[in-house]
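Here is the file target_39.pdb (PDB, C-alpha atoms).
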```pdb
ATOM      1  CA  MET X   1      73.003  25.249 -58.461  1.00  0.00           C
ATOM      2  CA  SER X   2      76.018  23.544 -60.049  1.00  0.00           C
ATOM      3  CA  GLY X   3      79.149  25.400 -61.099  1.00  0.00           C
ATOM      4  CA  ARG X   4      78.424  24.808 -64.777  1.00  0.00           C
ATOM      5  CA  ARG X   5      74.919  26.241 -64.472  1.00  0.00           C
ATOM      6  CA  VAL X   6      76.273  29.294 -62.702  1.00  0.00           C
ATOM      7  CA  LEU X   7      78.813  29.839 -65.483  1.00  0.00           C
ATOM      8  CA  ARG X   8      76.136  29.483 -68.160  1.00  0.00           C
ATOM      9  CA  LEU X   9      73.904  31.979 -66.321  1.00  0.00           C
ATOM     10  CA  LEU X  10      76.768  34.468 -65.994  1.00  0.00           C
ATOM     11  CA  ALA X  11      77.553  34.078 -69.687  1.00  0.00           C
ATOM     12  CA  ARG X  12      73.940  34.857 -70.616  1.00  0.00           C
ATOM     13  CA  LEU X  13      73.876  37.896 -68.319  1.00  0.00           C
ATOM     14  CA  SER X  14      77.131  39.132 -69.828  1.00  0.00           C
ATOM     15  CA  LEU X  15      75.718  38.748 -73.350  1.00  0.00           C
ATOM     16  CA  THR X  16      72.546  40.617 -72.384  1.00  0.00           C
ATOM     17  CA  ALA X  17      74.547  43.415 -70.786  1.00  0.00           C
ATOM     18  CA  GLY X  18      76.712  43.669 -73.893  1.00  0.00           C
ATOM     19  CA  LEU X  19      73.717  43.918 -76.195  1.00  0.00           C
ATOM     20  CA  LEU X  20      72.167  46.638 -74.033  1.00  0.00           C
ATOM     21  CA  ALA X  21      75.445  48.558 -73.933  1.00  0.00           C
ATOM     22  CA  ALA X  22      75.611  48.426 -77.714  1.00  0.00           C
ATOM     23  CA  ALA X  23      71.987  49.456 -78.216  1.00  0.00           C
ATOM     24  CA  LEU X  24      71.715  52.349 -75.751  1.00  0.00           C
ATOM     25  CA  PRO X  25      74.007  54.794 -77.635  1.00  0.00           C
ATOM     26  CA  ALA X  26      72.068  54.197 -80.841  1.00  0.00           C
ATOM     27  CA  LEU X  27      68.769  54.828 -79.089  1.00  0.00           C
ATOM     28  CA  ALA X  28      70.128  57.978 -77.480  1.00  0.00           C
ATOM     29  CA  ALA X  29      71.349  59.218 -80.843  1.00  0.00           C
ATOM     30  CA  LYS X  30      67.862  58.807 -82.307  1.00  0.00           C
ATOM     31  CA  GLY X  31      66.362  60.800 -79.455  1.00  0.00           C
ATOM     32  CA  ALA X  32      64.510  57.864 -77.940  1.00  0.00           C
ATOM     33  CA  LYS X  33      62.925  58.730 -74.596  1.00  0.00           C
ATOM     34  CA  PRO X  34      62.450  56.275 -71.738  1.00  0.00           C
ATOM     35  CA  VAL X  35      58.870  55.289 -71.015  1.00  0.00           C
ATOM     36  CA  LEU X  36      57.850  56.564 -67.593  1.00  0.00           C
ATOM     37  CA  GLY X  37      54.840  55.774 -65.437  1.00  0.00           C
ATOM     38  CA  PRO X  38      53.152  52.598 -64.223  1.00  0.00           C
ATOM     39  CA  PRO X  39      53.251  49.485 -66.407  1.00  0.00           C
ATOM     40  CA  GLU X  40      50.277  48.779 -68.641  1.00  0.00           C
ATOM     41  CA  PHE X  41      48.742  45.406 -67.796  1.00  0.00           C
ATOM     42  CA  GLY X  42      45.846  45.672 -70.217  1.00  0.00           C
ATOM     43  CA  PRO X  43      42.095  46.107 -69.705  1.00  0.00           C
ATOM     44  CA  ASN X  44      41.567  42.724 -68.045  1.00  0.00           C
ATOM     45  CA  VAL X  45      43.728  43.560 -65.017  1.00  0.00           C
ATOM     46  CA  LEU X  46      42.151  45.983 -62.555  1.00  0.00           C
ATOM     47  CA  ILE X  47      44.345  47.472 -59.823  1.00  0.00           C
ATOM     48  CA  PHE X  48      42.641  49.072 -56.830  1.00  0.00           C
ATOM     49  CA  ASP X  49      44.095  51.249 -54.094  1.00  0.00           C
ATOM     50  CA  PRO X  50      42.509  52.438 -50.824  1.00  0.00           C
ATOM     51  CA  SER X  51      42.272  56.050 -52.011  1.00  0.00           C
ATOM     52  CA  MET X  52      39.713  55.097 -54.668  1.00  0.00           C
ATOM     53  CA  PRO X  53      36.024  55.586 -53.747  1.00  0.00           C
ATOM     54  CA  SER X  54      34.377  52.333 -52.680  1.00  0.00           C
ATOM     55  CA  GLN X  55      31.516  52.952 -55.115  1.00  0.00           C
ATOM     56  CA  LEU X  56      33.922  53.138 -58.046  1.00  0.00           C
ATOM     57  CA  ILE X  57      35.711  49.944 -57.040  1.00  0.00           C
ATOM     58  CA  GLN X  58      32.401  48.145 -56.535  1.00  0.00           C
ATOM     59  CA  LYS X  59      31.135  49.237 -59.942  1.00  0.00           C
ATOM     60  CA  GLN X  60      34.184  47.728 -61.649  1.00  0.00           C
ATOM     61  CA  ILE X  61      33.953  44.503 -59.631  1.00  0.00           C
ATOM     62  CA  ASP X  62      30.268  44.151 -60.497  1.00  0.00           C
ATOM     63  CA  ALA X  63      30.992  44.716 -64.190  1.00  0.00           C
ATOM     64  CA  VAL X  64      33.510  41.856 -64.206  1.00  0.00           C
ATOM     65  CA  TYR X  65      31.128  39.534 -62.351  1.00  0.00           C
ATOM     66  CA  ALA X  66      28.285  40.362 -64.745  1.00  0.00           C
ATOM     67  CA  ILE X  67      30.431  38.787 -67.459  1.00  0.00           C
ATOM     68  CA  GLN X  68      31.995  35.939 -65.490  1.00  0.00           C
ATOM     69  CA  GLN X  69      29.163  34.734 -63.249  1.00  0.00           C
ATOM     70  CA  TYR X  70      27.968  32.085 -65.740  1.00  0.00           C
ATOM     71  CA  ASN X  71      30.822  32.287 -68.255  1.00  0.00           C
ATOM     72  CA  GLU X  72      31.853  28.650 -67.864  1.00  0.00           C
ATOM     73  CA  PHE X  73      33.457  28.228 -71.290  1.00  0.00           C
ATOM     74  CA  GLY X  74      33.925  31.855 -72.307  1.00  0.00           C
ATOM     75  CA  PRO X  75      37.169  33.444 -73.519  1.00  0.00           C
ATOM     76  CA  GLN X  76      37.317  36.325 -71.024  1.00  0.00           C
ATOM     77  CA  ARG X  77      39.941  36.385 -68.242  1.00  0.00           C
ATOM     78  CA  ASN X  78      40.173  38.860 -65.354  1.00  0.00           C
ATOM     79  CA  ALA X  79      42.412  39.718 -62.419  1.00  0.00           C
ATOM     80  CA  LEU X  80      41.395  42.014 -59.556  1.00  0.00           C
ATOM     81  CA  LEU X  81      44.454  43.282 -57.689  1.00  0.00           C
ATOM     82  CA  PHE X  82      44.208  45.136 -54.373  1.00  0.00           C
ATOM     83  CA  LEU X  83      47.091  47.244 -53.134  1.00  0.00           C
ATOM     84  CA  PRO X  84      47.673  47.120 -49.335  1.00  0.00           C
ATOM     85  CA  GLY X  85      45.100  48.995 -47.273  1.00  0.00           C
ATOM     86  CA  SER X  86      41.451  48.733 -46.218  1.00  0.00           C
ATOM     87  CA  TYR X  87      38.433  48.372 -48.500  1.00  0.00           C
ATOM     88  CA  ALA X  88      34.676  48.206 -47.939  1.00  0.00           C
ATOM     89  CA  VAL X  89      33.487  46.182 -50.922  1.00  0.00           C
ATOM     90  CA  ASP X  90      31.735  42.953 -51.872  1.00  0.00           C
ATOM     91  CA  VAL X  91      33.753  40.759 -54.222  1.00  0.00           C
ATOM     92  CA  PRO X  92      31.883  37.910 -55.936  1.00  0.00           C
ATOM     93  CA  VAL X  93      34.392  35.727 -57.765  1.00  0.00           C
ATOM     94  CA  GLY X  94      33.174  34.320 -61.060  1.00  0.00           C
ATOM     95  CA  PHE X  95      34.684  32.050 -63.683  1.00  0.00           C
ATOM     96  CA  TYR X  96      38.233  32.840 -64.876  1.00  0.00           C
ATOM     97  CA  THR X  97      38.710  35.493 -62.180  1.00  0.00           C
ATOM     98  CA  GLU X  98      41.579  35.814 -59.720  1.00  0.00           C
ATOM     99  CA  VAL X  99      41.445  38.171 -56.739  1.00  0.00           C
ATOM    100  CA  ILE X 100      44.809  38.999 -55.169  1.00  0.00           C
ATOM    101  CA  GLY X 101      45.968  41.133 -52.260  1.00  0.00           C
ATOM    102  CA  LEU X 102      49.375  42.620 -53.010  1.00  0.00           C
ATOM    103  CA  GLY X 103      50.630  43.042 -49.444  1.00  0.00           C
ATOM    104  CA  GLU X 104      53.530  41.213 -47.852  1.00  0.00           C
ATOM    105  CA  SER X 105      51.056  39.285 -45.669  1.00  0.00           C
ATOM    106  CA  PRO X 106      47.278  38.781 -45.925  1.00  0.00           C
ATOM    107  CA  ASP X 107      46.632  41.247 -43.098  1.00  0.00           C
ATOM    108  CA  ALA X 108      48.188  44.025 -45.162  1.00  0.00           C
ATOM    109  CA  THR X 109      45.148  44.015 -47.480  1.00  0.00           C
ATOM    110  CA  ARG X 110      41.871  44.076 -45.546  1.00  0.00           C
ATOM    111  CA  ILE X 111      38.384  43.772 -46.985  1.00  0.00           C
ATOM    112  CA  GLU X 112      35.333  44.501 -44.871  1.00  0.00           C
ATOM    113  CA  GLY X 113      32.488  43.051 -46.882  1.00  0.00           C
ATOM    114  CA  SER X 114      33.197  39.693 -48.440  1.00  0.00           C
ATOM    115  CA  VAL X 115      35.041  37.724 -51.050  1.00  0.00           C
ATOM    116  CA  HIS X 116      32.829  34.833 -52.069  1.00  0.00           C
ATOM    117  CA  ALA X 117      32.215  32.136 -54.655  1.00  0.00           C
ATOM    118  CA  ASP X 118      28.608  31.087 -55.208  1.00  0.00           C
ATOM    119  CA  ALA X 119      27.088  27.953 -56.690  1.00  0.00           C
ATOM    120  CA  SER X 120      26.707  28.314 -60.446  1.00  0.00           C
ATOM    121  CA  ARG X 121      23.902  25.743 -60.828  1.00  0.00           C
ATOM    122  CA  GLU X 122      20.410  25.468 -59.404  1.00  0.00           C
ATOM    123  CA  HIS X 123      19.637  23.844 -56.047  1.00  0.00           C
ATOM    124  CA  ASN X 124      22.848  25.308 -54.543  1.00  0.00           C
ATOM    125  CA  ASN X 125      24.918  22.938 -56.672  1.00  0.00           C
ATOM    126  CA  ALA X 126      28.544  24.100 -56.888  1.00  0.00           C
ATOM    127  CA  THR X 127      29.965  21.025 -58.616  1.00  0.00           C
ATOM    128  CA  THR X 128      30.677  23.054 -61.765  1.00  0.00           C
ATOM    129  CA  THR X 129      31.923  26.173 -59.980  1.00  0.00           C
ATOM    130  CA  PHE X 130      35.417  25.960 -61.487  1.00  0.00           C
ATOM    131  CA  TRP X 131      38.361  28.158 -62.527  1.00  0.00           C
ATOM    132  CA  ARG X 132      38.713  30.954 -60.001  1.00  0.00           C
ATOM    133  CA  ALA X 133      41.068  31.892 -57.166  1.00  0.00           C
ATOM    134  CA  ALA X 134      41.661  34.272 -54.276  1.00  0.00           C
ATOM    135  CA  GLU X 135      44.812  34.875 -52.261  1.00  0.00           C
ATOM    136  CA  GLY X 136      46.666  37.297 -50.036  1.00  0.00           C
ATOM    137  CA  LEU X 137      43.640  38.903 -48.343  1.00  0.00           C
ATOM    138  CA  SER X 138      42.228  39.467 -44.872  1.00  0.00           C
ATOM    139  CA  ILE X 139      38.434  39.243 -44.954  1.00  0.00           C
ATOM    140  CA  LYS X 140      35.943  40.454 -42.348  1.00  0.00           C
ATOM    141  CA  PRO X 141      32.832  38.962 -43.948  1.00  0.00           C
ATOM    142  CA  THR X 142      29.435  40.608 -43.839  1.00  0.00           C
ATOM    143  CA  GLY X 143      27.277  38.699 -41.373  1.00  0.00           C
ATOM    144  CA  GLY X 144      30.330  36.955 -39.955  1.00  0.00           C
ATOM    145  CA  THR X 145      30.554  34.145 -42.549  1.00  0.00           C
ATOM    146  CA  MET X 146      32.490  33.876 -45.796  1.00  0.00           C
ATOM    147  CA  GLN X 147      31.091  31.481 -48.421  1.00  0.00           C
ATOM    148  CA  TRP X 148      33.443  29.678 -50.800  1.00  0.00           C
ATOM    149  CA  ALA X 149      31.295  27.112 -52.633  1.00  0.00           C
ATOM    150  CA  VAL X 150      33.530  25.675 -55.363  1.00  0.00           C
ATOM    151  CA  SER X 151      34.813  22.579 -57.080  1.00  0.00           C
ATOM    152  CA  GLN X 152      37.877  21.674 -59.149  1.00  0.00           C
ATOM    153  CA  ALA X 153      40.544  24.045 -60.495  1.00  0.00           C
ATOM    154  CA  VAL X 154      40.027  26.525 -57.669  1.00  0.00           C
ATOM    155  CA  SER X 155      42.437  27.781 -55.011  1.00  0.00           C
ATOM    156  CA  LEU X 156      42.038  29.770 -51.802  1.00  0.00           C
ATOM    157  CA  ARG X 157      45.450  30.476 -50.311  1.00  0.00           C
ATOM    158  CA  ARG X 158      47.234  32.920 -48.010  1.00  0.00           C
ATOM    159  CA  MET X 159      43.907  34.084 -46.591  1.00  0.00           C
ATOM    160  CA  HIS X 160      42.872  35.349 -43.160  1.00  0.00           C
ATOM    161  CA  VAL X 161      39.132  34.924 -42.627  1.00  0.00           C
ATOM    162  CA  ARG X 162      38.136  37.009 -39.619  1.00  0.00           C
ATOM    163  CA  GLY X 163      34.975  35.032 -39.020  1.00  0.00           C
ATOM    164  CA  ASP X 164      33.509  31.706 -40.146  1.00  0.00           C
ATOM    165  CA  LEU X 165      34.090  29.965 -43.474  1.00  0.00           C
ATOM    166  CA  VAL X 166      31.604  27.682 -45.244  1.00  0.00           C
ATOM    167  CA  LEU X 167      32.699  25.614 -48.236  1.00  0.00           C
ATOM    168  CA  HIS X 168      29.196  25.082 -49.627  1.00  0.00           C
ATOM    169  CA  GLN X 169      26.042  27.067 -50.402  1.00  0.00           C
ATOM    170  CA  ASN X 170      23.138  26.223 -48.110  1.00  0.00           C
ATOM    171  CA  HIS X 171      24.494  22.670 -47.705  1.00  0.00           C
ATOM    172  CA  GLY X 172      24.412  22.047 -51.442  1.00  0.00           C
ATOM    173  CA  TRP X 173      26.935  19.903 -53.280  1.00  0.00           C
ATOM    174  CA  ALA X 174      30.497  21.084 -53.802  1.00  0.00           C
ATOM    175  CA  SER X 175      33.750  19.210 -54.322  1.00  0.00           C
ATOM    176  CA  GLY X 176      37.416  19.652 -54.995  1.00  0.00           C
ATOM    177  CA  GLY X 177      39.146  22.978 -54.616  1.00  0.00           C
ATOM    178  CA  TRP X 178      42.299  23.742 -52.662  1.00  0.00           C
ATOM    179  CA  MET X 179      42.881  25.785 -49.516  1.00  0.00           C
ATOM    180  CA  SER X 180      46.325  26.322 -48.025  1.00  0.00           C
ATOM    181  CA  ASP X 181      48.348  28.685 -45.831  1.00  0.00           C
ATOM    182  CA  SER X 182      45.165  30.220 -44.460  1.00  0.00           C
ATOM    183  CA  LEU X 183      43.815  31.188 -41.060  1.00  0.00           C
ATOM    184  CA  VAL X 184      40.124  31.013 -40.149  1.00  0.00           C
ATOM    185  CA  ASP X 185      39.333  32.729 -36.854  1.00  0.00           C
ATOM    186  CA  GLY X 186      35.937  31.059 -36.493  1.00  0.00           C
ATOM    187  CA  MET X 187      34.448  27.764 -37.634  1.00  0.00           C
ATOM    188  CA  SER X 188      35.066  26.097 -40.991  1.00  0.00           C
ATOM    189  CA  ALA X 189      32.202  24.044 -42.459  1.00  0.00           C
ATOM    190  CA  PRO X 190      33.396  21.525 -45.084  1.00  0.00           C
ATOM    191  CA  ALA X 191      31.603  20.745 -48.309  1.00  0.00           C
ATOM    192  CA  ALA X 192      29.881  17.518 -49.282  1.00  0.00           C
ATOM    193  CA  SER X 193      30.316  16.144 -52.789  1.00  0.00           C
ATOM    194  CA  SER X 194      27.601  14.408 -54.751  1.00  0.00           C
ATOM    195  CA  ASN X 195      28.485  11.071 -53.165  1.00  0.00           C
ATOM    196  CA  GLY X 196      28.415  12.522 -49.652  1.00  0.00           C
ATOM    197  CA  SER X 197      32.159  12.603 -49.054  1.00  0.00           C
ATOM    198  CA  HIS X 198      34.119  15.638 -47.954  1.00  0.00           C
ATOM    199  CA  ALA X 199      36.202  16.505 -50.979  1.00  0.00           C
ATOM    200  CA  THR X 200      37.783  19.893 -50.327  1.00  0.00           C
ATOM    201  CA  ALA X 201      41.530  19.570 -49.844  1.00  0.00           C
ATOM    202  CA  ILE X 202      43.026  21.434 -46.900  1.00  0.00           C
ATOM    203  CA  GLY X 203      46.702  22.408 -46.897  1.00  0.00           C
ATOM    204  CA  LYS X 204      48.849  24.068 -44.255  1.00  0.00           C
ATOM    205  CA  ALA X 205      46.802  26.486 -42.193  1.00  0.00           C
ATOM    206  CA  GLY X 206      47.235  28.885 -39.331  1.00  0.00           C
ATOM    207  CA  PRO X 207      49.996  31.095 -37.974  1.00  0.00           C
ATOM    208  CA  ALA X 208      53.302  29.823 -36.694  1.00  0.00           C
ATOM    209  CA  ARG X 209      53.776  29.560 -32.935  1.00  0.00           C
ATOM    210  CA  THR X 210      55.819  32.736 -32.976  1.00  0.00           C
ATOM    211  CA  GLY X 211      52.651  34.640 -33.833  1.00  0.00           C
ATOM    212  CA  THR X 212      53.814  35.474 -37.343  1.00  0.00           C
ATOM    213  CA  TRP X 213      52.363  34.090 -40.535  1.00  0.00           C
ATOM    214  CA  CYS X 214      53.675  30.734 -41.625  1.00  0.00           C
ATOM    215  CA  LEU X 215      55.970  30.333 -44.621  1.00  0.00           C
ATOM    216  CA  TRP X 216      53.896  31.002 -47.734  1.00  0.00           C
ATOM    217  CA  VAL X 217      54.070  28.621 -50.676  1.00  0.00           C
TER     218      VAL X 217
END
```
Hey, can you dump this file as structure tokens for me?
Amino acid sequence: MSGRRVLRLLARLSLTAGLLAAALPALAAKGAKPVLGPPEFGPNVLIFDPSMPSQLIQKQIDAVYAIQQYNEFGPQRNALLFLPGSYAVDVPVGFYTEVIGLGESPDATRIEGSVHADASREHNNATTTFWRAAEGLSIKPTGGTMQWAVSQAVSLRRMHVRGDLVLHQNHGWASGGWMSDSLVDGMSAPAASSNGSHATAIGKAGPARTGTWCLWV
């Protein structure tokens, strides 16, 4: 950062601090009380923690998927956030849904069940399975295989799949998508697009040689 940019940033911070200093006495005089407690993210952001019953978490996940499974051009948007810990749930990821583990590394948030994206058209066709994402999770998939059958505008990043990963549904069409900074313990089966080419982009994957996770992007 240049010296001029630093000076401009300091000037803005000084102005902000001055405004706060001027406003706080007035607020105190009016008896204003600070707002305590967790922030309110709104009804479309669900935050789970390991102390919650699995049945309750699953019920909320299923309610979101019931809306988003075929909601290709709908207005709804959802985020499912998992605090660090272990969970026994099944997480289908529909349209306009992002699933995020909030730990420092993927292994801090462990799901025994699955996180999966399924083809949204008949004949296992996932070429319109768009607009969804998952990141920051360690998955031990049911049956040993995680399915992520998707196409464009989809990301799978900072994931640890403790099993196999297939990027299609029963060898149906899928294309596009992005996977990076992820570790798959087993086999990874690529997708085939409608013209027969492998079209799923693969970014950096695997742990560093030191045995720690690689630098996340």
Neighbour list for segment 158-168 of chain X as a tab-separated table (two decimals) with C-alpha atoms, keeping the file's coordinate frame, cut-off 6 Å, all atoms listed in the file, skip fewer than 5 positions in-chain:
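Listed below is the output, selection05.tsv:
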```tsv
chain	number	residue	atom	x	y	z
X	106	PRO	CA	47.28	38.78	-45.92
X	135	GLU	CA	44.81	34.88	-52.26
X	136	GLY	CA	46.67	37.30	-50.04
X	137	LEU	CA	43.64	38.90	-48.34
X	138	SER	CA	42.23	39.47	-44.87
X	139	ILE	CA	38.43	39.24	-44.95
X	140	LYS	CA	35.94	40.45	-42.35
X	144	GLY	CA	30.33	36.96	-39.96
X	145	THR	CA	30.55	34.15	-42.55
X	146	MET	CA	32.49	33.88	-45.80
X	147	GLN	CA	31.09	31.48	-48.42
X	148	TRP	CA	33.44	29.68	-50.80
X	149	ALA	CA	31.30	27.11	-52.63
X	174	ALA	CA	30.50	21.08	-53.80
X	181	ASP	CA	48.35	28.68	-45.83
X	182	SER	CA	45.16	30.22	-44.46
X	183	LEU	CA	43.82	31.19	-41.06
X	184	VAL	CA	40.12	31.01	-40.15
X	185	ASP	CA	39.33	32.73	-36.85
X	186	GLY	CA	35.94	31.06	-36.49
X	187	MET	CA	34.45	27.76	-37.63
X	188	SER	CA	35.07	26.10	-40.99
X	189	ALA	CA	32.20	24.04	-42.46
X	190	PRO	CA	33.40	21.52	-45.08
X	191	ALA	CA	31.60	20.74	-48.31
```
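With atom CA of Glu112 of chain X on one side and atom CA of Leu80 of chain X on the other, the separation reads 16.1 Å.
Atom pair atom CA of Ser180 of chain X / atom CA of Ser155 of chain X has a distance of 8.1 Å (rounded to one decimal).
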The PyMOL selection byres ((chain X and resi 65-71) around 8) - which residues does that actually catch in the file I just gave you? List them as an mmCIF file with C-alpha atoms, keeping the file's coordinate frame.
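Saved as result-v5.cif:
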```cif
data_model
loop_
_atom_site.group_PDB
_atom_site.id
_atom_site.type_symbol
_atom_site.label_atom_id
_atom_site.label_comp_id
_atom_site.auth_asym_id
_atom_site.auth_seq_id
_atom_site.Cartn_x
_atom_site.Cartn_y
_atom_site.Cartn_z
ATOM 1 C CA ILE X 61 33.953 44.503 -59.631
ATOM 2 C CA ASP X 62 30.268 44.151 -60.497
ATOM 3 C CA ALA X 63 30.992 44.716 -64.190
ATOM 4 C CA VAL X 64 33.510 41.856 -64.206
ATOM 5 C CA GLU X 72 31.853 28.650 -67.864
ATOM 6 C CA PHE X 73 33.457 28.228 -71.290
ATOM 7 C CA GLY X 74 33.925 31.855 -72.307
ATOM 8 C CA GLN X 76 37.317 36.325 -71.024
ATOM 9 C CA PRO X 92 31.883 37.910 -55.936
ATOM 10 C CA VAL X 93 34.392 35.727 -57.765
ATOM 11 C CA GLY X 94 33.174 34.320 -61.060
ATOM 12 C CA PHE X 95 34.684 32.050 -63.683
ATOM 13 C CA TYR X 96 38.233 32.840 -64.876
ATOM 14 C CA THR X 97 38.710 35.493 -62.180
ATOM 15 C CA SER X 120 26.707 28.314 -60.446
#
```
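For the set X:Gln169, X:Leu83, X:Pro53, X:Ala108, the residue with the smallest atom-to-atom gap to Glu122 of chain X is X:Gln169, counting only C-alpha atoms.
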Take every atom of segment 38-55 of chain X listed in the file, pad by 8 Å on each side, and give me the axis-aligned box centre and edge lengths in Å, one decimal, as AutoDock Vina command-line options.
```
--center_x 42.4 --center_y 49.4 --center_z -60.5 --size_x 37.7 --size_y 29.3 --size_z 35.4
```
(message) Just checking: using all atoms listed in the file, which residue out of X:Gln60, X:Thr128, X:Gln55, X:Ser105 ends up closest to Tyr87 of chain X?
(response) X:Gln55
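Those DNA, RNA and protein residues that approach the point (29.4, 22.8, -58.1) to within 7 Å, considering all atoms listed in the file, are Ala119, Ser120, Arg121, Asn125, Ala126, Thr127, Thr128, Thr129, Val150, Ser151, Trp173, Ala174 and Ser175 of chain X.
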Can you spit out the residues from that selection as a PDB file, in the frame of the given file, using C-alpha atoms?
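Result file is result21.pdb:
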```pdb
ATOM      1  CA  ALA X 119      27.088  27.953 -56.690  1.00  0.00           C
ATOM      2  CA  SER X 120      26.707  28.314 -60.446  1.00  0.00           C
ATOM      3  CA  ARG X 121      23.902  25.743 -60.828  1.00  0.00           C
ATOM      4  CA  ASN X 125      24.918  22.938 -56.672  1.00  0.00           C
ATOM      5  CA  ALA X 126      28.544  24.100 -56.888  1.00  0.00           C
ATOM      6  CA  THR X 127      29.965  21.025 -58.616  1.00  0.00           C
ATOM      7  CA  THR X 128      30.677  23.054 -61.765  1.00  0.00           C
ATOM      8  CA  THR X 129      31.923  26.173 -59.980  1.00  0.00           C
ATOM      9  CA  VAL X 150      33.530  25.675 -55.363  1.00  0.00           C
ATOM     10  CA  SER X 151      34.813  22.579 -57.080  1.00  0.00           C
ATOM     11  CA  TRP X 173      26.935  19.903 -53.280  1.00  0.00           C
ATOM     12  CA  ALA X 174      30.497  21.084 -53.802  1.00  0.00           C
ATOM     13  CA  SER X 175      33.750  19.210 -54.322  1.00  0.00           C
TER      14      SER X 175
END
```
(request) Give as a ChimeraX atom specification the residues that the PyMOL selection byres ((chain X and resi 49) around 10) matches when applied to the coordinates above. (result) /X:47-48,50-54,57,81-87,109
(message) One number please: atom CA of Ala153 of chain X to atom CA of Ala133 of chain X, in Å, one decimal.
(response) 8.5 Å
(request) Could you check which of X:Val91, X:Leu156, X:Val99, X:Ala117 is closest to Leu46 of chain X, using all atoms listed in the file? (result) X:Val99
(request) Choose the residue, out of X:Gln152, X:Asn170, X:Asn78, X:Thr142, that has the smallest atom-to-atom separation from Ser114 of chain X; count only C-alpha atoms. (result) X:Thr142
